[in-house]
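Here's the structure, in structure tokens; my notes come after.
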Amino acid sequence: MTSGKGDTSGTETSGSGDIVRTLELLWDAGPRPSRGPKPTLTLDQIVEAAVRVADGEGLESVSMRRVAAELGTGTMSLYRYVPGKAELLDLMLDRVQRPSENPAALGDGGWRSALEAMGRATLDLYRRHPWLLQVNQSRPILGPSAVDAMEKVLDRIKPMGLTDPELVSAIIMIDSYVVGAARTQLYQREAERRTGLTDTEFWQAQAPMLEKIMASGRYPLLASLHEDAWGPDFDHFEFGLQRILDGLDVLVARRAETSPRTP
């Protein structure tokens with residue numbers, strides 16, 4: 001497997017460490033040592049250093065030794081704060097996914113604007129921390145960031161009038177769409193980095209052959225498309241996000257028509 005800052009292959013799995021100890025660290029609920037030398041670091045400093053390494057060098061560079069070097073301390077000193085890399089990873093995931101404290105970050109107050117804002121914020125999160133795409137988060141450890149974010153979004157989308165499983169599914173739907181879009185964007189950046197060709201240069205190299213193929217009459221529908229159909233100006237992410245929200249809009253309206261009215 002190749003490595004690098006933009007490597008998109010899954011290399012880690014959340015929740016693979018000591019689950020109970022990780023939860024204690026996330027929620028600051030573990031036992032505190034009453035003896036021994038005074039701590040020279042904080043858990044926050046360690047997690048922030050690990051995130052810096054992942055952002056700058058890729059997730060594969062994150063190790064207890066590398067994080068200790070980032071902090072200018074010995075590797076063994078880190079084990080006073082966190083059991084190992086598996087638990088550290090879950091702390092990193094919770095750290096970077098802290099929800100905004102700004103109420104305006106979830107839009108103008110309606111459920112649609114909340115999900116829309118959540119989608120854009122999630123895409124931005126993956127752009128800032130592309131190593132997140134290397135983590136299998138199918139079984140996340142629920143720390144304060146994840147729980148706070150879910151609480152804030154649910155508070156805004158509860159008026160949709162859907163069942164509880166449907167509300168959760170709406171959040172999962174948006175998140176899954178965004179992860180796919182973020183992965184595609186990361187692949188594009190990685191392809192440019194590895195080949196040295198920009199997107200424009202890549203397609204220009206194919207243009208002479210494609211023009212001959214389109215002129216052959218074998219693909220009339222493709223040949224009839226306007227050149228803007230493949231242009232960089234169309235926002236495919238935004239188009240897809242709005243169509244998902246349109247579909248939810250139809251469902252919400254249908255539920256409103258069929259739900260019993262209170263006097």
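Quick note on naming: the chains in the structure tokens go A, B, ... in the order shown, residues restart at 1 in each chain, and ligands are numbered from 1 in order of appearance.
Those residues in region 11-200 of chain A carrying a DSSP assignment of strand (DSSP E), computed from the backbone, are Glu12, Thr13, Val135 and Asn136 of chain A.
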Write the selection just made, keeping C-alpha atoms, as a PDB file, in the first residue's frame?
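Listed below is the output, result.pdb:
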```pdb
ATOM      1  CA  GLU A  12      -7.752   2.474  10.848  1.00  0.00           C
ATOM      2  CA  THR A  13     -11.009   1.522  12.572  1.00  0.00           C
ATOM      3  CA  VAL A 135     -10.909   5.761   9.159  1.00  0.00           C
ATOM      4  CA  ASN A 136     -13.677   3.177   9.215  1.00  0.00           C
TER       5      ASN A 136
END
```
Polymer residues at most 9 Å from region 56-69 of chain A, only C-alpha atoms, same-chain spacing of 4 or more positions, as a PyMOL selection string: chain A and resi 3-7+11-12+46-47+49-52+73-79+84-85+88-89+130-132+134-135
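If you measure from each of A:Val252, A:Gly119, A:Leu25, A:Arg98 to Val147 (chain A) using only C-alpha atoms, the closest one turns out to be A:Arg98.
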Shell around Ser14 (chain A) at 8 Å using only C-alpha atoms, local window under 4 positions removed, as number ranges by chain: A: 86, 89-90, 135-141
Output all heavy atoms for every residue in that selection, as a short mmCIF file (atom, residue, chain, number, x, y, z; two decimals), in the first residue's frame.
```
data_model
loop_
_atom_site.label_atom_id
_atom_site.label_comp_id
_atom_site.auth_asym_id
_atom_site.auth_seq_id
_atom_site.Cartn_x
_atom_site.Cartn_y
_atom_site.Cartn_z
N ALA A 86 -4.86 3.35 19.37
CA ALA A 86 -6.27 3.09 19.05
C ALA A 86 -7.18 4.04 19.82
O ALA A 86 -8.13 4.60 19.25
CB ALA A 86 -6.62 1.64 19.37
N LEU A 89 -6.80 7.64 18.54
CA LEU A 89 -7.53 7.90 17.30
C LEU A 89 -8.97 8.33 17.60
O LEU A 89 -9.48 9.28 16.99
CB LEU A 89 -7.54 6.66 16.42
CG LEU A 89 -8.37 6.76 15.14
CD1 LEU A 89 -7.83 7.84 14.22
CD2 LEU A 89 -8.42 5.41 14.42
N ASP A 90 -9.63 7.67 18.53
CA ASP A 90 -11.00 8.04 18.86
C ASP A 90 -11.07 9.43 19.49
O ASP A 90 -12.03 10.17 19.27
CB ASP A 90 -11.63 7.00 19.79
CG ASP A 90 -11.99 5.72 19.06
OD1 ASP A 90 -12.59 5.81 17.98
OD2 ASP A 90 -11.65 4.63 19.55
N VAL A 135 -10.45 6.41 7.93
CA VAL A 135 -10.91 5.76 9.16
C VAL A 135 -12.28 5.12 8.93
O VAL A 135 -13.21 5.79 8.48
CB VAL A 135 -11.00 6.78 10.32
CG1 VAL A 135 -11.39 6.06 11.61
CG2 VAL A 135 -9.68 7.51 10.49
N ASN A 136 -12.39 3.87 9.24
CA ASN A 136 -13.68 3.18 9.22
C ASN A 136 -14.45 3.59 10.47
O ASN A 136 -14.14 3.16 11.57
CB ASN A 136 -13.44 1.66 9.20
CG ASN A 136 -14.74 0.86 9.27
OD1 ASN A 136 -15.82 1.42 9.44
ND2 ASN A 136 -14.63 -0.45 9.16
N GLN A 137 -15.47 4.43 10.27
CA GLN A 137 -16.24 4.95 11.40
C GLN A 137 -17.63 4.32 11.49
O GLN A 137 -18.57 4.93 11.99
CB GLN A 137 -16.37 6.47 11.30
CG GLN A 137 -15.04 7.21 11.36
CD GLN A 137 -15.21 8.71 11.40
OE1 GLN A 137 -15.83 9.27 12.32
NE2 GLN A 137 -14.66 9.39 10.42
N SER A 138 -17.75 3.08 11.00
CA SER A 138 -19.05 2.42 11.05
C SER A 138 -19.50 2.14 12.47
O SER A 138 -20.70 1.98 12.73
CB SER A 138 -19.01 1.13 10.23
OG SER A 138 -18.02 0.25 10.74
N ARG A 139 -18.54 2.06 13.42
CA ARG A 139 -18.88 1.86 14.83
C ARG A 139 -18.16 2.93 15.65
O ARG A 139 -17.15 2.68 16.27
CB ARG A 139 -18.48 0.45 15.29
CG ARG A 139 -19.22 -0.65 14.57
CD ARG A 139 -19.13 -1.97 15.32
NE ARG A 139 -17.75 -2.41 15.48
CZ ARG A 139 -17.40 -3.56 16.04
NH1 ARG A 139 -18.33 -4.37 16.52
NH2 ARG A 139 -16.13 -3.90 16.13
N PRO A 140 -18.70 4.14 15.66
CA PRO A 140 -18.02 5.24 16.35
C PRO A 140 -18.17 5.17 17.86
O PRO A 140 -19.16 4.67 18.38
CB PRO A 140 -18.74 6.47 15.79
CG PRO A 140 -20.13 5.98 15.50
CD PRO A 140 -19.96 4.56 15.01
N ILE A 141 -17.17 5.66 18.54
CA ILE A 141 -17.26 5.87 19.98
C ILE A 141 -17.93 7.22 20.19
O ILE A 141 -17.48 8.24 19.66
CB ILE A 141 -15.86 5.86 20.63
CG1 ILE A 141 -15.17 4.52 20.43
CG2 ILE A 141 -15.97 6.20 22.11
CD1 ILE A 141 -15.80 3.37 21.20
#
```
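Candidate residues A:Leu115, A:Phe237, A:Arg21, A:Arg183 were compared for distance to Met150 (chain A), and the nearest is A:Leu115, using only C-alpha atoms.
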Backbone DSSP call of helix (DSSP H, G or I) for region 121-221 of chain A, listed as a PyMOL selection string: chain A and resi 121-128+130-134+144-160+164-195+199-215+220-221
Determine, counting only C-alpha atoms, which protein, DNA and RNA residues have an atom within 12 Å of an atom of Leu154 (chain A); residues of the same chain fewer than 2 positions away are not included. Present the result as a PDB file with N, CA and C atoms, in the first residue's frame.
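What landed in result_37.pdb:
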```pdb
ATOM      1  N   LEU A 106     -26.227  26.506  11.698  1.00  0.00           N
ATOM      2  CA  LEU A 106     -27.194  25.525  11.192  1.00  0.00           C
ATOM      3  C   LEU A 106     -28.308  26.191  10.398  1.00  0.00           C
ATOM      4  N   GLY A 110     -35.073  26.523   9.939  1.00  0.00           N
ATOM      5  CA  GLY A 110     -35.864  25.412   9.438  1.00  0.00           C
ATOM      6  C   GLY A 110     -35.059  24.131   9.343  1.00  0.00           C
ATOM      7  N   TRP A 111     -35.781  22.994   9.224  1.00  0.00           N
ATOM      8  CA  TRP A 111     -35.081  21.712   9.149  1.00  0.00           C
ATOM      9  C   TRP A 111     -34.225  21.618   7.891  1.00  0.00           C
ATOM     10  N   ARG A 112     -34.734  22.175   6.791  1.00  0.00           N
ATOM     11  CA  ARG A 112     -33.980  22.062   5.541  1.00  0.00           C
ATOM     12  C   ARG A 112     -32.658  22.824   5.614  1.00  0.00           C
ATOM     13  N   ALA A 114     -31.004  23.457   8.228  1.00  0.00           N
ATOM     14  CA  ALA A 114     -30.133  22.778   9.186  1.00  0.00           C
ATOM     15  C   ALA A 114     -29.396  21.625   8.514  1.00  0.00           C
ATOM     16  N   LEU A 115     -30.114  20.793   7.758  1.00  0.00           N
ATOM     17  CA  LEU A 115     -29.478  19.676   7.068  1.00  0.00           C
ATOM     18  C   LEU A 115     -28.542  20.166   5.966  1.00  0.00           C
ATOM     19  N   MET A 118     -25.477  21.365   7.671  1.00  0.00           N
ATOM     20  CA  MET A 118     -24.741  20.204   8.167  1.00  0.00           C
ATOM     21  C   MET A 118     -23.951  19.556   7.036  1.00  0.00           C
ATOM     22  N   VAL A 147     -22.162  13.543  20.338  1.00  0.00           N
ATOM     23  CA  VAL A 147     -23.460  13.644  20.999  1.00  0.00           C
ATOM     24  C   VAL A 147     -23.999  15.078  20.921  1.00  0.00           C
ATOM     25  N   ASP A 148     -23.133  16.066  21.143  1.00  0.00           N
ATOM     26  CA  ASP A 148     -23.565  17.466  21.057  1.00  0.00           C
ATOM     27  C   ASP A 148     -24.058  17.802  19.654  1.00  0.00           C
ATOM     28  N   ALA A 149     -23.319  17.338  18.641  1.00  0.00           N
ATOM     29  CA  ALA A 149     -23.702  17.622  17.252  1.00  0.00           C
ATOM     30  C   ALA A 149     -25.050  16.990  16.927  1.00  0.00           C
ATOM     31  N   MET A 150     -25.234  15.741  17.346  1.00  0.00           N
ATOM     32  CA  MET A 150     -26.497  15.059  17.084  1.00  0.00           C
ATOM     33  C   MET A 150     -27.658  15.756  17.791  1.00  0.00           C
ATOM     34  N   GLU A 151     -27.433  16.192  19.013  1.00  0.00           N
ATOM     35  CA  GLU A 151     -28.478  16.888  19.768  1.00  0.00           C
ATOM     36  C   GLU A 151     -28.887  18.183  19.065  1.00  0.00           C
ATOM     37  N   LYS A 152     -27.901  18.940  18.586  1.00  0.00           N
ATOM     38  CA  LYS A 152     -28.181  20.214  17.924  1.00  0.00           C
ATOM     39  C   LYS A 152     -28.971  20.007  16.630  1.00  0.00           C
ATOM     40  N   ARG A 156     -33.243  20.794  15.578  1.00  0.00           N
ATOM     41  CA  ARG A 156     -33.691  21.587  14.446  1.00  0.00           C
ATOM     42  C   ARG A 156     -34.573  20.811  13.477  1.00  0.00           C
ATOM     43  N   ILE A 157     -34.381  19.477  13.391  1.00  0.00           N
ATOM     44  CA  ILE A 157     -35.143  18.716  12.395  1.00  0.00           C
ATOM     45  C   ILE A 157     -36.325  17.958  12.996  1.00  0.00           C
ATOM     46  N   LYS A 158     -36.492  18.023  14.299  1.00  0.00           N
ATOM     47  CA  LYS A 158     -37.626  17.341  14.936  1.00  0.00           C
ATOM     48  C   LYS A 158     -38.965  17.772  14.341  1.00  0.00           C
ATOM     49  N   PRO A 159     -39.159  19.067  13.978  1.00  0.00           N
ATOM     50  CA  PRO A 159     -40.435  19.486  13.395  1.00  0.00           C
ATOM     51  C   PRO A 159     -40.758  18.870  12.030  1.00  0.00           C
ATOM     52  N   MET A 160     -39.856  18.078  11.461  1.00  0.00           N
ATOM     53  CA  MET A 160     -40.152  17.440  10.182  1.00  0.00           C
ATOM     54  C   MET A 160     -41.366  16.521  10.283  1.00  0.00           C
ATOM     55  N   GLY A 161     -41.652  16.043  11.501  1.00  0.00           N
ATOM     56  CA  GLY A 161     -42.798  15.166  11.680  1.00  0.00           C
ATOM     57  C   GLY A 161     -42.535  13.729  11.279  1.00  0.00           C
ATOM     58  N   LEU A 162     -41.275  13.332  11.202  1.00  0.00           N
ATOM     59  CA  LEU A 162     -40.919  11.959  10.852  1.00  0.00           C
ATOM     60  C   LEU A 162     -40.770  11.125  12.124  1.00  0.00           C
ATOM     61  N   THR A 163     -40.738   9.813  11.955  1.00  0.00           N
ATOM     62  CA  THR A 163     -40.486   8.944  13.093  1.00  0.00           C
ATOM     63  C   THR A 163     -39.036   9.097  13.526  1.00  0.00           C
ATOM     64  N   ASP A 164     -38.726   8.646  14.725  1.00  0.00           N
ATOM     65  CA  ASP A 164     -37.354   8.770  15.217  1.00  0.00           C
ATOM     66  C   ASP A 164     -36.342   8.043  14.320  1.00  0.00           C
ATOM     67  N   PRO A 165     -36.620   6.801  13.900  1.00  0.00           N
ATOM     68  CA  PRO A 165     -35.670   6.155  12.973  1.00  0.00           C
ATOM     69  C   PRO A 165     -35.506   6.929  11.675  1.00  0.00           C
ATOM     70  N   GLU A 166     -36.578   7.543  11.201  1.00  0.00           N
ATOM     71  CA  GLU A 166     -36.491   8.316   9.958  1.00  0.00           C
ATOM     72  C   GLU A 166     -35.667   9.582  10.137  1.00  0.00           C
ATOM     73  N   LEU A 167     -35.767  10.212  11.300  1.00  0.00           N
ATOM     74  CA  LEU A 167     -34.955  11.397  11.568  1.00  0.00           C
ATOM     75  C   LEU A 167     -33.466  11.034  11.555  1.00  0.00           C
ATOM     76  N   VAL A 168     -33.140   9.932  12.227  1.00  0.00           N
ATOM     77  CA  VAL A 168     -31.745   9.479  12.231  1.00  0.00           C
ATOM     78  C   VAL A 168     -31.302   9.125  10.820  1.00  0.00           C
ATOM     79  N   SER A 169     -32.186   8.488  10.057  1.00  0.00           N
ATOM     80  CA  SER A 169     -31.853   8.101   8.693  1.00  0.00           C
ATOM     81  C   SER A 169     -31.616   9.320   7.803  1.00  0.00           C
ATOM     82  N   ALA A 170     -32.357  10.393   8.033  1.00  0.00           N
ATOM     83  CA  ALA A 170     -32.148  11.615   7.257  1.00  0.00           C
ATOM     84  C   ALA A 170     -30.746  12.159   7.486  1.00  0.00           C
ATOM     85  N   ILE A 171     -30.281  12.114   8.731  1.00  0.00           N
ATOM     86  CA  ILE A 171     -28.925  12.570   9.039  1.00  0.00           C
ATOM     87  C   ILE A 171     -27.897  11.663   8.379  1.00  0.00           C
TER      88      ILE A 171
END
```
Separation of CA of Arg80 (chain A) from CA of Gly17 (chain A), in Å and rounded to one decimal: 16.0 Å
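Across the structure, CA of Leu26 (chain A) and CA of Ser176 (chain A) are spaced 24.8 Å apart.
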